[in-house]
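Chemist: Sharing structure33.pdb, PDB, C-alpha atoms:
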MODEL        1
ATOM      1  CA  MET A 898      15.939  42.106 -47.981
ATOM      2  CA  THR A 899      14.812  38.569 -48.651
ATOM      3  CA  GLU A 900      11.357  37.227 -47.966
ATOM      4  CA  LEU A 901      12.757  35.330 -44.955
ATOM      5  CA  ASP A 902      14.215  38.534 -43.529
ATOM      6  CA  LYS A 903      10.921  40.334 -44.053
ATOM      7  CA  THR A 904       9.052  37.590 -42.265
ATOM      8  CA  GLY A 905      11.499  37.714 -39.356
ATOM      9  CA  ALA A 906      11.287  41.478 -39.135
ATOM     10  CA  ALA A 907       7.513  41.362 -39.228
ATOM     11  CA  ALA A 908       7.488  38.866 -36.409
ATOM     12  CA  GLY A 909       9.808  41.012 -34.339
ATOM     13  CA  ALA A 910      12.612  38.457 -34.359
ATOM     14  CA  PRO A 911      16.079  39.988 -34.063
ATOM     15  CA  ARG A 912      18.426  39.286 -36.955
ATOM     16  CA  GLY A 913      21.549  39.603 -34.861
ATOM     17  CA  GLY A 914      22.725  39.754 -31.305
ATOM     18  CA  PRO A 915      21.721  37.605 -28.329
ATOM     19  CA  ARG A 916      18.267  36.181 -27.964
ATOM     20  CA  PRO A 917      16.023  37.804 -25.356
ATOM     21  CA  ARG A 918      16.025  36.070 -22.006
ATOM     22  CA  ARG A 919      12.895  34.347 -20.808
ATOM     23  CA  ILE A 920      11.215  36.023 -17.897
ATOM     24  CA  ARG A 921      10.887  33.456 -15.085
ATOM     25  CA  GLY A 922       8.971  35.666 -12.700
ATOM     26  CA  ARG A 923       9.892  37.894  -9.815
ATOM     27  CA  ARG A 924      12.489  36.712  -7.368
ATOM     28  CA  GLY A 925      10.871  38.212  -4.312
ATOM     29  CA  VAL A 926       8.360  36.231  -2.278
ATOM     30  CA  PRO A 927       5.274  38.127  -1.064
ATOM     31  CA  LEU A 928       5.209  38.308   2.715
ATOM     32  CA  PRO A 929       1.513  37.236   2.962
ATOM     33  CA  LEU A 930       2.519  33.982   1.234
ATOM     34  CA  LEU A 931       5.902  33.471   2.876
ATOM     35  CA  VAL A 932       4.689  33.630   6.478
ATOM     36  CA  PRO A 933       1.902  30.999   6.220
ATOM     37  CA  ALA A 934       4.176  28.817   4.076
ATOM     38  CA  LEU A 935       6.837  28.815   6.790
ATOM     39  CA  LEU A 936       4.190  28.164   9.435
ATOM     40  CA  GLY A 937       2.935  25.190   7.440
ATOM     41  CA  LEU A 938       6.466  23.864   7.061
ATOM     42  CA  ALA A 939       7.089  24.207  10.788
ATOM     43  CA  PHE A 940       3.743  22.583  11.565
ATOM     44  CA  LEU A 941       4.814  19.468   9.629
ATOM     45  CA  ILE A 942       8.467  19.313  10.624
ATOM     46  CA  VAL A 943       8.538  20.313  14.315
ATOM     47  CA  PRO A 944       6.689  17.175  15.579
ATOM     48  CA  LEU A 945       9.131  14.950  13.692
ATOM     49  CA  VAL A 946      12.091  16.896  15.063
ATOM     50  CA  ALA A 947      10.641  16.591  18.563
ATOM     51  CA  LEU A 948      10.422  12.833  18.096
ATOM     52  CA  LEU A 949      14.101  12.712  17.173
ATOM     53  CA  VAL A 950      15.117  15.016  20.035
ATOM     54  CA  ARG A 951      13.235  13.023  22.670
ATOM     55  CA  ALA A 952      14.363   9.638  21.337
ATOM     56  CA  PRO A 953      16.225   7.463  23.878
ATOM     57  CA  TRP A 954      19.234   6.926  21.612
ATOM     58  CA  ARG A 955      21.367   5.224  24.268
ATOM     59  CA  SER A 956      18.772   2.644  25.167
ATOM     60  CA  LEU A 957      17.371   2.347  21.648
ATOM     61  CA  PRO A 958      19.116  -0.950  20.766
ATOM     62  CA  GLU A 959      17.917  -2.518  23.998
ATOM     63  CA  LEU A 960      14.355  -1.319  23.455
ATOM     64  CA  LEU A 961      14.196  -2.539  19.874
ATOM     65  CA  THR A 962      15.520  -5.967  20.818
ATOM     66  CA  SER A 963      13.109  -6.531  23.692
ATOM     67  CA  ALA A 964      10.733  -9.458  23.314
ATOM     68  CA  GLU A 965       7.563  -7.360  23.100
ATOM     69  CA  VAL A 966       8.923  -4.886  20.573
ATOM     70  CA  TRP A 967      10.542  -7.562  18.427
ATOM     71  CA  GLN A 968       7.317  -9.567  18.451
ATOM     72  CA  ALA A 969       5.287  -6.591  17.259
ATOM     73  CA  LEU A 970       7.918  -5.691  14.664
ATOM     74  CA  GLN A 971       8.088  -9.206  13.273
ATOM     75  CA  LEU A 972       4.300  -9.529  13.120
ATOM     76  CA  SER A 973       4.014  -6.151  11.398
ATOM     77  CA  LEU A 974       6.543  -7.054   8.724
ATOM     78  CA  VAL A 975       4.923 -10.425   8.037
ATOM     79  CA  CYS A 976       1.366  -9.054   7.922
ATOM     80  CA  ALA A 977       2.283  -6.022   5.804
ATOM     81  CA  THR A 978       4.087  -8.253   3.305
ATOM     82  CA  ALA A 979       1.162 -10.676   3.169
ATOM     83  CA  ALA A 980      -1.305  -7.816   2.731
ATOM     84  CA  THR A 981       0.801  -6.454  -0.127
ATOM     85  CA  ALA A 982       0.836  -9.878  -1.777
ATOM     86  CA  VAL A 983      -2.947 -10.072  -1.514
ATOM     87  CA  SER A 984      -3.216  -6.575  -2.980
ATOM     88  CA  LEU A 985      -0.995  -7.549  -5.907
ATOM     89  CA  VAL A 986      -2.944 -10.704  -6.712
ATOM     90  CA  ILE A 987      -6.351  -9.030  -6.827
ATOM     91  CA  GLY A 988      -5.421  -5.361  -7.223
ATOM     92  CA  VAL A 989      -3.446  -5.542 -10.485
ATOM     93  CA  PRO A 990      -6.287  -7.286 -12.397
ATOM     94  CA  LEU A 991      -8.724  -4.765 -10.922
ATOM     95  CA  ALA A 992      -6.547  -1.873 -12.113
ATOM     96  CA  TRP A 993      -6.358  -3.444 -15.586
ATOM     97  CA  LEU A 994     -10.145  -3.787 -15.653
ATOM     98  CA  LEU A 995     -10.621  -0.115 -14.786
ATOM     99  CA  ALA A 996      -8.025   1.073 -17.293
ATOM    100  CA  ARG A 997      -8.670  -1.154 -20.291
ATOM    101  CA  VAL A 998     -12.307  -2.281 -20.243
ATOM    102  CA  GLU A 999     -15.230  -0.003 -21.006
ATOM    103  CA  PHE A1000     -18.347  -0.957 -19.056
ATOM    104  CA  ARG A1001     -21.375   0.748 -17.601
ATOM    105  CA  GLY A1002     -20.788   2.090 -14.114
ATOM    106  CA  ARG A1003     -17.002   2.158 -14.350
ATOM    107  CA  GLY A1004     -16.869   5.554 -12.664
ATOM    108  CA  LEU A1005     -18.902   4.229  -9.739
ATOM    109  CA  VAL A1006     -16.634   1.181  -9.433
ATOM    110  CA  ARG A1007     -13.566   3.412  -9.424
ATOM    111  CA  ALA A1008     -15.111   5.582  -6.714
ATOM    112  CA  LEU A1009     -15.855   2.516  -4.572
ATOM    113  CA  VAL A1010     -12.309   1.216  -5.056
ATOM    114  CA  THR A1011     -10.793   4.498  -3.876
ATOM    115  CA  LEU A1012     -13.273   4.929  -1.023
ATOM    116  CA  PRO A1013     -10.968   3.331   1.630
ATOM    117  CA  LEU A1014      -8.517   6.168   0.968
ATOM    118  CA  VAL A1015     -10.886   8.698   2.559
ATOM    119  CA  LEU A1016     -12.918   6.371   4.747
ATOM    120  CA  PRO A1017     -11.981   6.555   8.451
ATOM    121  CA  PRO A1018     -10.039   3.356   9.216
ATOM    122  CA  VAL A1019     -12.256   2.580  12.209
ATOM    123  CA  VAL A1020     -15.282   2.653   9.916
ATOM    124  CA  GLY A1021     -13.443   0.277   7.612
ATOM    125  CA  GLY A1022     -12.888  -2.064  10.547
ATOM    126  CA  VAL A1023     -16.569  -1.949  11.460
ATOM    127  CA  ALA A1024     -17.500  -2.664   7.838
ATOM    128  CA  LEU A1025     -15.168  -5.671   7.827
ATOM    129  CA  LEU A1026     -16.805  -6.943  11.008
ATOM    130  CA  MET A1027     -20.248  -6.613   9.446
ATOM    131  CA  ALA A1028     -19.062  -8.502   6.360
ATOM    132  CA  LEU A1029     -16.585 -11.071   7.708
ATOM    133  CA  GLY A1030     -17.471 -11.368  11.379
ATOM    134  CA  ARG A1031     -19.100 -14.492  12.785
ATOM    135  CA  ASN A1032     -22.498 -12.925  12.210
ATOM    136  CA  GLY A1033     -21.470 -11.058   9.075
ATOM    137  CA  ILE A1034     -23.108 -11.508   5.708
ATOM    138  CA  VAL A1035     -20.092 -13.507   4.468
ATOM    139  CA  GLY A1036     -18.375 -14.486   7.705
ATOM    140  CA  LYS A1037     -21.365 -16.433   8.981
ATOM    141  CA  SER A1038     -21.210 -18.762   5.973
ATOM    142  CA  LEU A1039     -17.444 -19.134   6.354
ATOM    143  CA  ASP A1040     -17.878 -20.099   9.985
ATOM    144  CA  ASP A1041     -20.809 -22.465   9.433
ATOM    145  CA  TRP A1042     -19.548 -24.236   6.312
ATOM    146  CA  PHE A1043     -15.758 -24.205   6.713
ATOM    147  CA  GLY A1044     -15.145 -23.321  10.359
ATOM    148  CA  ILE A1045     -13.113 -20.255   9.337
ATOM    149  CA  THR A1046     -13.105 -17.329  11.767
ATOM    150  CA  LEU A1047     -11.277 -14.216  10.637
ATOM    151  CA  PRO A1048     -11.817 -11.513  13.303
ATOM    152  CA  PHE A1049      -9.233 -11.277  16.086
ATOM    153  CA  THR A1050      -6.756 -13.493  14.229
ATOM    154  CA  THR A1051      -3.513 -12.867  12.349
ATOM    155  CA  ALA A1052      -5.390 -13.471   9.102
ATOM    156  CA  GLY A1053      -7.771 -10.721  10.186
ATOM    157  CA  VAL A1054      -4.808  -8.344  10.485
ATOM    158  CA  VAL A1055      -3.774  -9.164   6.911
ATOM    159  CA  ILE A1056      -7.315  -8.590   5.627
ATOM    160  CA  ALA A1057      -7.683  -5.285   7.473
ATOM    161  CA  GLU A1058      -4.339  -4.035   6.164
ATOM    162  CA  ALA A1059      -5.094  -5.156   2.601
ATOM    163  CA  PHE A1060      -8.469  -3.382   2.736
ATOM    164  CA  VAL A1061      -6.893   0.005   3.443
ATOM    165  CA  ALA A1062      -3.691  -0.483   1.411
ATOM    166  CA  MET A1063      -4.911  -1.972  -1.870
ATOM    167  CA  PRO A1064      -6.387   1.301  -3.249
ATOM    168  CA  PHE A1065      -2.871   2.787  -3.319
ATOM    169  CA  LEU A1066      -1.738  -0.075  -5.535
ATOM    170  CA  VAL A1067      -4.792   0.093  -7.790
ATOM    171  CA  ILE A1068      -4.443   3.843  -8.355
ATOM    172  CA  SER A1069      -0.742   3.564  -9.155
ATOM    173  CA  VAL A1070      -1.157   0.646 -11.558
ATOM    174  CA  GLU A1071      -4.210   2.130 -13.264
ATOM    175  CA  GLY A1072      -2.354   5.381 -13.878
ATOM    176  CA  THR A1073       0.578   3.478 -15.357
ATOM    177  CA  LEU A1074      -1.752   1.444 -17.571
ATOM    178  CA  ARG A1075      -3.429   4.589 -18.889
ATOM    179  CA  ALA A1076      -0.030   6.060 -19.717
ATOM    180  CA  ALA A1077       1.154   2.889 -21.467
ATOM    181  CA  ASP A1078       0.613   2.662 -25.226
ATOM    182  CA  PRO A1079      -2.129   0.076 -25.914
ATOM    183  CA  ARG A1080      -0.818  -0.456 -29.457
ATOM    184  CA  PHE A1081       1.745  -2.926 -28.149
ATOM    185  CA  GLU A1082      -1.073  -5.102 -26.832
ATOM    186  CA  GLU A1083      -2.938  -4.726 -30.114
ATOM    187  CA  ALA A1084       0.165  -5.766 -32.043
ATOM    188  CA  ALA A1085       0.488  -8.866 -29.860
ATOM    189  CA  ALA A1086      -3.168  -9.671 -30.535
ATOM    190  CA  THR A1087      -2.658  -9.403 -34.312
ATOM    191  CA  LEU A1088       0.178 -11.927 -33.989
ATOM    192  CA  GLY A1089      -2.210 -14.436 -32.452
ATOM    193  CA  ALA A1090      -1.671 -13.859 -28.739
ATOM    194  CA  SER A1091      -4.694 -14.131 -26.492
ATOM    195  CA  ARG A1092      -5.635 -11.187 -24.333
ATOM    196  CA  PHE A1093      -4.234 -12.854 -21.221
ATOM    197  CA  THR A1094      -0.995 -13.757 -23.012
ATOM    198  CA  ALA A1095      -0.648 -10.167 -24.193
ATOM    199  CA  PHE A1096      -1.212  -8.983 -20.642
ATOM    200  CA  ARG A1097       1.359 -11.420 -19.241
ATOM    201  CA  ARG A1098       4.045 -11.041 -21.904
ATOM    202  CA  VAL A1099       3.587  -7.418 -23.006
ATOM    203  CA  THR A1100       1.588  -5.368 -20.522
ATOM    204  CA  LEU A1101       3.184  -6.549 -17.287
ATOM    205  CA  PRO A1102       6.756  -5.698 -18.363
ATOM    206  CA  LEU A1103       5.555  -2.261 -19.497
ATOM    207  CA  ILE A1104       3.851  -1.413 -16.216
ATOM    208  CA  ALA A1105       6.377  -3.081 -13.904
ATOM    209  CA  PRO A1106       7.647   0.261 -12.491
ATOM    210  CA  GLY A1107       4.086   1.300 -11.642
ATOM    211  CA  ILE A1108       3.403  -2.044  -9.985
ATOM    212  CA  ALA A1109       6.596  -1.739  -7.942
ATOM    213  CA  ALA A1110       5.739   1.801  -6.834
ATOM    214  CA  GLY A1111       2.199   0.804  -5.924
ATOM    215  CA  ALA A1112       3.413  -2.252  -4.017
ATOM    216  CA  VAL A1113       5.830  -0.146  -1.971
ATOM    217  CA  LEU A1114       3.112   2.372  -1.147
ATOM    218  CA  ALA A1115       0.691  -0.392  -0.221
ATOM    219  CA  TRP A1116       3.305  -2.068   1.971
ATOM    220  CA  ALA A1117       4.083   1.153   3.817
ATOM    221  CA  ARG A1118       0.378   1.891   4.308
ATOM    222  CA  ALA A1119      -0.238  -1.628   5.598
ATOM    223  CA  LEU A1120       2.690  -1.357   7.990
ATOM    224  CA  GLY A1121       1.244   1.794   9.543
ATOM    225  CA  GLU A1122      -2.392   0.690   9.688
ATOM    226  CA  PHE A1123      -4.061   1.124  13.089
ATOM    227  CA  GLY A1124      -7.801   1.832  13.075
ATOM    228  CA  ALA A1125      -9.135  -1.015  10.948
ATOM    229  CA  THR A1126      -6.702  -3.467  12.545
ATOM    230  CA  ILE A1127      -7.647  -2.774  16.147
ATOM    231  CA  THR A1128     -11.358  -2.782  15.263
ATOM    232  CA  PHE A1129     -11.408  -5.961  13.198
ATOM    233  CA  ALA A1130      -8.475  -7.938  14.625
ATOM    234  CA  GLY A1131      -8.076  -6.603  18.166
ATOM    235  CA  ASN A1132      -4.864  -6.030  20.094
ATOM    236  CA  PHE A1133      -3.506  -9.391  21.248
ATOM    237  CA  PRO A1134       0.280  -9.553  21.769
ATOM    238  CA  GLY A1135       1.951 -12.057  19.489
ATOM    239  CA  ARG A1136      -1.187 -12.595  17.408
ATOM    240  CA  THR A1137      -2.660  -9.292  16.268
ATOM    241  CA  GLN A1138      -0.569  -6.593  17.966
ATOM    242  CA  THR A1139       1.290  -4.824  15.172
ATOM    243  CA  MET A1140       3.711  -1.940  15.638
ATOM    244  CA  PRO A1141       1.144   0.898  15.551
ATOM    245  CA  LEU A1142      -0.916  -0.950  18.154
ATOM    246  CA  ALA A1143       2.202  -1.556  20.232
ATOM    247  CA  VAL A1144       3.012   2.164  20.052
ATOM    248  CA  TYR A1145      -0.455   3.031  21.334
ATOM    249  CA  LEU A1146      -0.200   0.517  24.167
ATOM    250  CA  ALA A1147       3.383   1.385  25.113
ATOM    251  CA  LEU A1148       2.618   5.085  25.229
ATOM    252  CA  GLN A1149       0.513   4.466  28.336
ATOM    253  CA  SER A1150       3.117   2.474  30.265
ATOM    254  CA  ASP A1151       6.532   2.798  28.568
ATOM    255  CA  PRO A1152       6.891   6.039  26.561
ATOM    256  CA  GLU A1153      10.488   5.256  25.590
ATOM    257  CA  ALA A1154       9.410   2.030  23.899
ATOM    258  CA  ALA A1155       6.650   3.945  22.127
ATOM    259  CA  ILE A1156       9.185   6.459  20.829
ATOM    260  CA  ALA A1157      11.503   3.650  19.705
ATOM    261  CA  LEU A1158       8.734   1.985  17.706
ATOM    262  CA  SER A1159       7.681   5.340  16.287
ATOM    263  CA  LEU A1160      11.232   5.886  15.066
ATOM    264  CA  VAL A1161      11.120   2.570  13.228
ATOM    265  CA  LEU A1162       7.893   3.569  11.479
ATOM    266  CA  LEU A1163       9.359   6.991  10.707
ATOM    267  CA  ALA A1164      12.474   5.399   9.195
ATOM    268  CA  VAL A1165      10.306   3.150   7.012
ATOM    269  CA  SER A1166       8.288   6.130   5.791
ATOM    270  CA  VAL A1167      11.431   8.097   4.931
ATOM    271  CA  ALA A1168      12.845   5.081   3.102
ATOM    272  CA  VAL A1169       9.658   4.741   1.059
ATOM    273  CA  LEU A1170       9.718   8.420   0.068
ATOM    274  CA  ALA A1171      13.406   8.187  -0.817
ATOM    275  CA  GLY A1172      12.797   5.116  -2.944
ATOM    276  CA  LEU A1173       9.919   6.775  -4.800
ATOM    277  CA  ARG A1174      11.421  10.255  -5.114
ATOM    278  CA  ASP A1175      11.860   9.966  -8.909
ATOM    279  CA  ARG A1176       8.182   9.050  -9.304
ATOM    280  CA  TRP A1177       6.397  11.259  -6.768
ATOM    281  CA  MET A1178       8.780  14.077  -5.822
ATOM    282  CA  THR A1179      10.141  15.333  -9.155
ATOM    283  CA  ALA A1180       8.458  17.034 -12.062
ATOM    284  CA  GLY A1181       8.802  16.385 -15.759
TER     285      GLY A1181
ENDMDL
END
Would you give me this structure, written as structure tokens?
Modeler:
Amino acid sequence: MTELDKTGAAAGAPRGGPRPRRIRGRRGVPLPLLVPALLGLAFLIVPLVALLVRAPWRSLPELLTSAEVWQALQLSLVCATAATAVSLVIGVPLAWLLARVEFRGRGLVRALVTLPLVLPPVVGGVALLMALGRNGIVGKSLDDWFGITLPFTTAGVVIAEAFVAMPFLVISVEGTLRAADPRFEEAAATLGASRFTAFRRVTLPLIAPGIAAGAVLAWARALGEFGATITFAGNFPGRTQTMPLAVYLALQSDPEAAIALSLVLLAVSVAVLAGLRDRWMTAG
């Protein structure tokens, strides 16, 4: 017997025959886990199924093409897109700062950036009023010096949506930046590129998938924003009434229109999850 055979025998490795199969765990599911799991699944799915069952499918085209619904839909799409653009312009540099620059208090800054994720949207709207309202700490100067009033305007809708949606973009981009190899940027710097040139020519192409995923998430979050919008921008048809606000208003007078608008928001959410399934819904 050779030394290699002795080593294999000592390790318990078979010299012939099939390799032992890996044990993947028991096939049976414990009943104490199966029952609450099914209840949780039903809890999440049944309301969505009920929305589809009660949907006025025959009158759906007419409802979605009515003036009020179309107005809210158009305003929602425009404001959500504008809020996403604002988030991209200021959110991507912020994510780069958190991922690439070491500075004192970075953990606190990151916590403040992600705070709108857990902050009640109504509280966010109140905070925006205190900051950007006519008597706010910043809004008063904007009104006195430039005559700019943001609350209860379409621009106020964009600001409210960007406030609650931008953290999704920042988290996605920061995670992508941390996963990206910084040696490419260092190589560009050794070739004479400035830090901004390296960011523009090297870093941005590397993190483009993360930026796209974050932008889609931010857009979907902005499209469904309700609390901060109604608090900071109000509910004025044609000016600040977005689709979630229209759903809330229609539910009191025209439930079928409310269901129709809810179906549009549901379809957008499903489309976002389908588009991001490779990033968020698969492992490995």
Chemist: Give me, as a ChimeraX atom specification, all polymer residues having an atom no more than 10 Å from range 936-945 of chain A, counting all atoms listed in the file and skipping those fewer than 5 positions away in the same chain.
Modeler: /A:931,950,1160,1163
Chemist: Identify which of the residues A:Val975, A:Ile1068, A:Ala980, A:Leu1146 lies closest to Arg1007 in chain A, counting all atoms listed in the file when measuring atom-to-atom distances.
Modeler: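 Ranking A:Val975, A:Ile1068, A:Ala980, A:Leu1146 by distance to Arg1007 in chain A, first place goes to A:Ile1068.
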Chemist: Starting from the PyMOL selection byres ((chain A and resi 1123-1134) around 10), expand the selection into actual residues of this file and give them as a PyMOL selection string.
Modeler: chain A and resi 965-966+968-969+972+1017-1027+1029-1030+1047-1058+1060-1061+1118-1122+1135-1146
Chemist: Just give me the gap between CA of Val983 in chain A and CA of Met1063 in chain A in Å, one decimal is fine.
Modeler: 8.3 Å
Chemist: List as JSON, numbers by chain the protein and nucleic acid residues near Ala1112 in chain A, meaning an atom at most 9 Å away when all atoms listed in the file are counted, but skip any in the same chain fewer than 5 places from it.
Modeler: {"A": [981, 982, 984, 985, 1063, 1065, 1066, 1069, 1107, 1117]}
Chemist: Restricting the calculation to all atoms listed in the file, which member of A:Ala1157, A:Leu948, A:Leu1114, A:Ala1085 is positioned closest to Val1169 in chain A?
Modeler: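 Among A:Ala1157, A:Leu948, A:Leu1114, A:Ala1085, it is A:Leu1114 that comes nearest to Val1169 in chain A.
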Chemist: To verify the selection step, state as a list in words which residues the PyMOL selection byres ((chain A and resi 1079) around 12) yields on this input.
Modeler: Trp993, Ala996, Arg997, Val998, Thr1073, Leu1074, Arg1075, Ala1076, Ala1077, Asp1078, Arg1080, Phe1081, Glu1082, Glu1083, Ala1084, Ala1085, Ala1086, Arg1092, Ala1095, Phe1096, Val1099, Thr1100, Leu1103 and Ile1104 of chain A
